[in-house]
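Colleague: The structure that follows is given in the form of C-alpha cells.
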Amino acid sequence: MGLALIQLWALIEDRTVRARNHFDKISPWKTFLRTAMVCSLLGALLCGLAYRRIEPIPLNHDKLVFSSENSFGLMRHLAKNFPGRVTWSESRVQAGQWIKGELARLGYSPKSLFFSEVIAGKQYTNLENIYVEKKGTTHPNEIIAVIAHYDITDTTREGAMDDASGVGVVMELARVFAQVPTERTLLFLLTDSEEFGAFWGATAFVHNYEHADQIVAGINFDFIAPEKQTGILTLCDGLKTGYTPLWLREIALDSLRSLGSVKVHDMYGFMEFVERAMQIPPADHGPLLANGIPAFNWVGQTENFPYVMAHYHHTPYDVVEAMHPESFQHFGAGAERVIRTIDSLPKIPENFRDSSYLKLSPHYYLPGWAVTLLHILAFIPFLTYSLTKFGKTFSAHSSKTLRKILQKEAKVMGILLGSLLLGYVVILLLPALDIITQYEIFPATQKSLLLYSPNFTAMFLVVASVLFVHWLFKKTFAEPHDADGYPEIRHALHAAFLAFIILLAFLKNSYLATLLLLPPAYFWMTLNARRHTKDRILNGLLLFGGSVTFVAVAVVISTIFHVGSFYWYLFLSAAYGLVSAYSVILFFMALTVMIRLFKSFVL
C-alpha cells in the first residue's frame, strides 16, 4: 500500500513538473490571440443562434381625431399667459390653476399630489403634480399614463417648446378621450419640477401615487421641436436603471410610422449600447423606468437639431412664434394611436416589464442573456492573457518574494484608494456645509449658470484633503521602499485588481462595465517594464488609451446636453448623487490602478 502511494505521488509530481514546463513555454500573447479568436467565433455563433426577429404588435386603426389646432392653442395660452413659470414662482402656481380648470371643463375631476424639494439651497414645499383619471371598463386596474411637465427653467421665459408644447398635446388627448369609453384606465399627468431635481415631480409621483404599480405604459412628451419639425426620436433610458420594454417601444415606433409624414428615429445598435450604459435620461420617463414602469419619451427633431438645442432649448428664444402648428399633429396623432393600440390589446404582454434585450437593427434584437454572454466573452482574452502572464511571473520568483512584494503593493494601493475615498466623503459634505449650492440629484438644470461657473475653492478643498490624508497615511503606514522594484509582480496585482473592478461593475451594469472598462483592460495589460524613454512614452499613450471612452463620454455629455465644464458637472454629479456611490467608488478604484501604473511604468 505504501509503495503504491509513493508511486502515485511520483506520477503526480512528474505530471506537475511536465505541466509546469509546458506552461512556462506558453507565450501570453499567443494565449491571448488564440483566446481572442475562439471568443470571436463563439460571439459570432452566439449572435447567429440567439438573435430574434421583432414581432410587431398589430396597431389599432380607429379614426384619429386629435386636433393640432386645439393643441397649439393650449400651448400658446400656457406660454403667453403664464411666462416665467419656474417651479418656485407664482406664475407656475397660476398655470396649475388654469390647467385644473381646463381639465375640469372637460368633465374630469383634477387631483393634486404635492411634494417638496431643495432647489439652490432652499426648501420648497408647495410643488404640485396635477393629474386626472378616466376609469377603464374591462381592465380598470391597468393604467396608461400620458405625461408632460408644465414648469420651465430660469433661463427661458415662455417655454413654448419645453414644455408647453407637451402640455398642449396631453390636454388635447385628454379632450379626445374624455367621452370615449376605454377598456383600460387613462391617466393624464402634468408634472412640476421636471427641470429641477431633475424629474422630481415624476419621481415624487411614482413614489406616492397609490396605483403606480398598476401603470402598464407611460408616454412622455419632452418637447415638440421649433421651426420645421421633420422627425420624432423615441428615447428609452431609465434614471440609473431600467429601459423601455421592446413591445412598448415597437408600438411607439410603428404608431409614428403609420402616419407616413414624419421621420421615425430610434437609437438601436451602438447608440442603444451607450444609452443603456449611461442611464442618464433627459425627461420624466426616466423615473418611471427606474421604478419598473414601462415608458418611453418622444423628442421632436429637425434637420439641424444641434442648432435647435443650442439656440432654443432653455433660452429666451423658446417662444410661441418659433413653433409650427403642423408639428403638433405628429405628436398627438402618434400618441393617440399608441393609446388606442394599448387599450385595445386583448392582454398586456406577460413580460411587459422585461427590458433585457439589445436591439441590433429595426427588425432584429438579442435577448438579454445573450448580450450578457457577449459582454463576458469580450473580457475573456484579457483574463487569459493576464493569468498566463501571472503564471510566468510567479514561476520566476520565490513565494517569499511574491508575498513580500504583493503585500507592499497592496498597502500602497490601499493608502491611495483610502485617500481618494475620503476625498469623496468631503465631496458629499460640501452641499451640507453650503460650500456648493444644494440641489436634489441633478446639478441645477441644463444651461444653468452654475454649470459654467466651477467652484475652484470647493475642488481645491477636495484635492487638498486627498493630498493631506495621503501624506498622513504614508507617514503612518508606509515604509521607505514599499514601492520599489519588481514591476512585473506589481503589474500582476494591478491586473488582478482591475479584474475585480470589472466584476463589480458587471454586477451593476454590464453595458457600463464593457463601455468604460474594456479599453483599460486591453490597453493597460500591454504595458512593459522596460525603462527606456520610448517605452515610457508608449506606456503613457497606452494608459491614456485606456481612459479614452470615459473622456469621450464626458465630453459628449457636456457639449450635446449643454451642462457646462464636464469635470465640474461630474464633480457636482458625485456630490448630489446623480452618479451613485457605487459607481463613484468603482471610478476611484480604477483611478487607483491608473495612478499606480503611471508611477510604475511611465515615471
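Naming works like this for the C-alpha cells: A, B, ... for the chains as they're shown, residue 1 at the start of each chain, ligands 1 onward in shown order.
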Find the residues near Pro346 in chain A: any atom within 12 Å, counting only C-alpha atoms, skip ones fewer than 4 places away on the same chain, and give them as a ChimeraX atom specification.

Modeller: /A:57-58,60,138-139,183-184,341-342,350

Colleague: Take the residues from that selection and write them out as a PDB file, in the first residue's frame, keeping N, CA and C atoms.

Modeller:
ATOM      1  N   ILE A  57     -46.635  44.260 -32.982  1.00  0.00           N
ATOM      2  CA  ILE A  57     -47.978  44.148 -32.412  1.00  0.00           C
ATOM      3  C   ILE A  57     -48.940  44.911 -33.308  1.00  0.00           C
ATOM      4  N   PRO A  58     -50.018  44.281 -33.753  1.00  0.00           N
ATOM      5  CA  PRO A  58     -50.961  44.975 -34.658  1.00  0.00           C
ATOM      6  C   PRO A  58     -51.477  46.275 -34.042  1.00  0.00           C
ATOM      7  N   ASN A  60     -53.980  49.595 -33.624  1.00  0.00           N
ATOM      8  CA  ASN A  60     -55.384  49.957 -33.728  1.00  0.00           C
ATOM      9  C   ASN A  60     -55.516  51.035 -34.808  1.00  0.00           C
ATOM     10  N   THR A 138     -63.200  47.400 -18.774  1.00  0.00           N
ATOM     11  CA  THR A 138     -62.933  45.962 -18.569  1.00  0.00           C
ATOM     12  C   THR A 138     -61.630  45.686 -17.827  1.00  0.00           C
ATOM     13  N   HIS A 139     -60.654  46.614 -17.931  1.00  0.00           N
ATOM     14  CA  HIS A 139     -59.366  46.444 -17.230  1.00  0.00           C
ATOM     15  C   HIS A 139     -59.042  47.725 -16.452  1.00  0.00           C
ATOM     16  N   GLU A 183     -61.110  50.583 -22.427  1.00  0.00           N
ATOM     17  CA  GLU A 183     -61.047  49.350 -21.647  1.00  0.00           C
ATOM     18  C   GLU A 183     -60.123  49.502 -20.450  1.00  0.00           C
ATOM     19  N   ARG A 184     -59.070  50.280 -20.628  1.00  0.00           N
ATOM     20  CA  ARG A 184     -58.109  50.484 -19.545  1.00  0.00           C
ATOM     21  C   ARG A 184     -58.202  51.910 -19.017  1.00  0.00           C
ATOM     22  N   THR A 341     -54.011  51.606 -29.339  1.00  0.00           N
ATOM     23  CA  THR A 341     -53.470  50.262 -29.553  1.00  0.00           C
ATOM     24  C   THR A 341     -53.298  49.523 -28.236  1.00  0.00           C
ATOM     25  N   ILE A 342     -52.697  50.168 -27.244  1.00  0.00           N
ATOM     26  CA  ILE A 342     -52.500  49.513 -25.942  1.00  0.00           C
ATOM     27  C   ILE A 342     -53.862  49.211 -25.306  1.00  0.00           C
ATOM     28  N   GLU A 350     -47.207  39.260 -21.040  1.00  0.00           N
ATOM     29  CA  GLU A 350     -46.915  38.727 -19.708  1.00  0.00           C
ATOM     30  C   GLU A 350     -45.604  39.275 -19.155  1.00  0.00           C
TER      31      GLU A 350
END

Colleague: Within 8 Å of Tyr268 in chain A, counting only C-alpha atoms, which residues qualify if same-chain residues fewer than 4 places away don't, as a PDB file with N, CA and C atoms, in the first residue's frame?

Modeller:
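Writing the result to part-v3.pdb gives the following:
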ATOM      1  N   GLU A 272     -27.812  52.523 -28.705  1.00  0.00           N
ATOM      2  CA  GLU A 272     -28.560  51.944 -27.589  1.00  0.00           C
ATOM      3  C   GLU A 272     -27.606  51.414 -26.531  1.00  0.00           C
ATOM      4  N   PHE A 273     -26.490  50.837 -26.973  1.00  0.00           N
ATOM      5  CA  PHE A 273     -25.480  50.332 -26.042  1.00  0.00           C
ATOM      6  C   PHE A 273     -25.005  51.454 -25.115  1.00  0.00           C
ATOM      7  N   LEU A 358     -31.123  43.755 -26.449  1.00  0.00           N
ATOM      8  CA  LEU A 358     -30.388  44.783 -27.188  1.00  0.00           C
ATOM      9  C   LEU A 358     -30.884  44.764 -28.617  1.00  0.00           C
ATOM     10  N   LYS A 359     -31.434  45.874 -29.073  1.00  0.00           N
ATOM     11  CA  LYS A 359     -31.956  45.961 -30.434  1.00  0.00           C
ATOM     12  C   LYS A 359     -30.799  46.183 -31.401  1.00  0.00           C
ATOM     13  N   LEU A 360     -30.616  45.246 -32.329  1.00  0.00           N
ATOM     14  CA  LEU A 360     -29.496  45.298 -33.263  1.00  0.00           C
ATOM     15  C   LEU A 360     -29.798  46.139 -34.494  1.00  0.00           C
ATOM     16  N   SER A 361     -31.038  46.111 -34.926  1.00  0.00           N
ATOM     17  CA  SER A 361     -31.458  46.804 -36.147  1.00  0.00           C
ATOM     18  C   SER A 361     -32.955  47.073 -36.030  1.00  0.00           C
ATOM     19  N   PRO A 362     -33.558  47.718 -37.020  1.00  0.00           N
ATOM     20  CA  PRO A 362     -35.011  47.948 -36.930  1.00  0.00           C
ATOM     21  C   PRO A 362     -35.835  46.668 -36.833  1.00  0.00           C
TER      22      PRO A 362
END

Colleague: Give me, please, the distance in Å between CA of Ser261 in chain A and CA of Phe328 in chain A, quoted to one decimal.

Modeller: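 About the pair CA of Ser261 in chain A and CA of Phe328 in chain A: they are 12.2 Å apart.
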
Colleague: Report the residues of range 196-293 of chain A whose backbone DSSP state falls under helix (DSSP H, G or I), written as a VMD selection string.

Modeller: chain A and resid 200 to 208 212 to 214 246 to 257 270 to 278 285 to 290

Colleague: With only C-alpha atoms as the atoms that count, which of A:Ala178, A:Ala120, A:Ile348, A:Ile441 lies nearest to Tyr108 in chain A?

Modeller: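 Looking at the shortest contact to Tyr108 in chain A, the residue is A:Ala178.
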
Colleague: Would you write out, as CSV, a table of all residues in range 107-193 of chain A that have an atom no more than 6 Å from an atom of range 203-216 of chain A, listing for each the closest atom pair and the distance in Å to one decimal, considering only C-alpha atoms and ordering rows by chain and rising residue number?

Modeller:
residue,atom,partner,partner_atom,distance
A:Asn141,CA,A:Gln214,CA,5.9
A:Glu142,CA,A:Gln214,CA,5.3
A:Ile143,CA,A:Ile215,CA,4.4
A:Ile144,CA,A:Ile215,CA,5.9

Colleague: Could you produce a table of the residues of range 245-348 of chain A lying within 10 Å of range 443-455 of chain A, with the nearest pair of atoms per residue and their separation in Å rounded to one decimal, using only C-alpha atoms, ordered by chain and increasing residue number, as a tab-separated table?

Modeller:
residue	atom	partner	partner_atom	distance
A:Pro282	CA	A:Gln446	CA	10.0
A:Ala310	CA	A:Lys447	CA	9.4
A:His313	CA	A:Lys447	CA	8.7
A:His314	CA	A:Lys447	CA	6.7
A:Thr315	CA	A:Lys447	CA	8.3

Colleague: For Asn129 in chain A, work out the shell of residues within 7 Å, counting only C-alpha atoms and skipping chain neighbours fewer than 6 positions away, then give it as a PDB file with C-alpha atoms, in the first residue's frame.

Modeller:
ATOM      1  CA  SER A 112     -53.053  67.249  -6.948  1.00  0.00           C
ATOM      2  CA  LEU A 113     -50.054  65.493  -5.492  1.00  0.00           C
ATOM      3  CA  PHE A 114     -47.902  67.951  -3.561  1.00  0.00           C
ATOM      4  CA  LEU A 190     -48.792  67.253 -15.749  1.00  0.00           C
ATOM      5  CA  THR A 191     -45.679  67.261 -13.603  1.00  0.00           C
ATOM      6  CA  ASP A 192     -43.920  70.038 -11.760  1.00  0.00           C
ATOM      7  CA  GLY A 201     -42.237  65.716  -9.899  1.00  0.00           C
TER       8      GLY A 201
END

Colleague: What is the distance between CA of Met271 in chain A and CA of Leu517 in chain A, in Å to one decimal?

Modeller: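 So the answer is 17.5 Å.
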
Colleague: Point out the residue among A:Leu493, A:Lys263, A:Ile415, A:His375 with the least atom-to-atom distance to Arg403 in chain A, counting only C-alpha atoms.

Modeller: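 Comparing A:Leu493, A:Lys263, A:Ile415, A:His375 against Arg403 in chain A, the winner is A:Leu493.
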
Colleague: Could you please determine the separation between CA of Ile130 in chain A and CA of Cys236 in chain A in Å, to one decimal place?

Modeller: 23.9 Å

Colleague: Which residues, written as an mmCIF file with C-alpha atoms, in the first residue's frame, have at least one atom at most 12 Å from Arg92 in chain A, with only C-alpha atoms counted and residues fewer than 4 positions away on the same chain left out?

Modeller:
data_model
loop_
_atom_site.group_PDB
_atom_site.id
_atom_site.type_symbol
_atom_site.label_atom_id
_atom_site.label_comp_id
_atom_site.auth_asym_id
_atom_site.auth_seq_id
_atom_site.Cartn_x
_atom_site.Cartn_y
_atom_site.Cartn_z
ATOM 1 C CA LEU A 78 -49.950 78.472 -21.357
ATOM 2 C CA ALA A 79 -46.776 80.050 -22.772
ATOM 3 C CA ASN A 81 -50.357 83.903 -20.219
ATOM 4 C CA PHE A 82 -48.042 82.209 -17.704
ATOM 5 C CA PRO A 83 -44.477 83.171 -18.621
ATOM 6 C CA GLY A 84 -41.710 82.646 -16.096
ATOM 7 C CA ARG A 85 -43.462 79.616 -14.582
ATOM 8 C CA VAL A 86 -40.346 78.400 -12.813
ATOM 9 C CA THR A 87 -41.079 75.788 -10.177
ATOM 10 C CA TRP A 88 -40.884 78.242 -7.266
ATOM 11 C CA GLY A 96 -51.502 74.930 -12.396
ATOM 12 C CA GLN A 97 -54.837 76.537 -11.564
ATOM 13 C CA TRP A 98 -55.543 77.139 -15.246
ATOM 14 C CA ILE A 99 -54.642 73.518 -16.123
ATOM 15 C CA ASN A 126 -45.824 73.607 -2.456
ATOM 16 C CA LEU A 127 -44.715 71.894 -5.640
ATOM 17 C CA GLU A 128 -47.666 70.305 -7.430
ATOM 18 C CA ASN A 129 -48.268 67.437 -9.807
ATOM 19 C CA ILE A 130 -51.703 67.661 -11.458
ATOM 20 C CA HIS A 149 -44.317 68.935 -17.493
ATOM 21 C CA TYR A 150 -45.621 72.456 -17.111
ATOM 22 C CA ASP A 151 -42.662 74.079 -15.325
ATOM 23 C CA ILE A 152 -39.781 75.805 -17.143
ATOM 24 C CA THR A 153 -36.183 76.771 -16.405
ATOM 25 C CA ASP A 154 -34.987 80.115 -15.088
ATOM 26 C CA ARG A 157 -39.341 82.985 -20.425
ATOM 27 C CA GLU A 158 -42.254 81.392 -22.287
ATOM 28 C CA GLY A 159 -41.056 77.794 -22.507
ATOM 29 C CA ALA A 164 -45.820 73.996 -23.097
ATOM 30 C CA LEU A 190 -48.792 67.253 -15.749
ATOM 31 C CA THR A 191 -45.679 67.261 -13.603
ATOM 32 C CA ASP A 192 -43.920 70.038 -11.760
ATOM 33 C CA SER A 193 -40.151 70.387 -11.352
#

Colleague: Name all residues at most 8 Å from Phe199 in chain A (count only C-alpha atoms; drop same-chain ones fewer than 3 positions away) and give them as a PyMOL selection string.

Modeller: chain A and resi 193-196+202-203+283-284+286-287

Colleague: May I ask which of the residues A:Leu345, A:Leu543, A:Leu41, A:Leu235 is the closest one to Asp266 in chain A, counting only C-alpha atoms?

Modeller: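 Of A:Leu345, A:Leu543, A:Leu41, A:Leu235, the one nearest Asp266 in chain A, counting only C-alpha atoms, is A:Leu235.
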
Colleague: Out of range 339-460 of chain A, which residues get strand (DSSP E or B) from DSSP, as a ChimeraX atom specification?

Modeller: /A:357-359,364-367,441
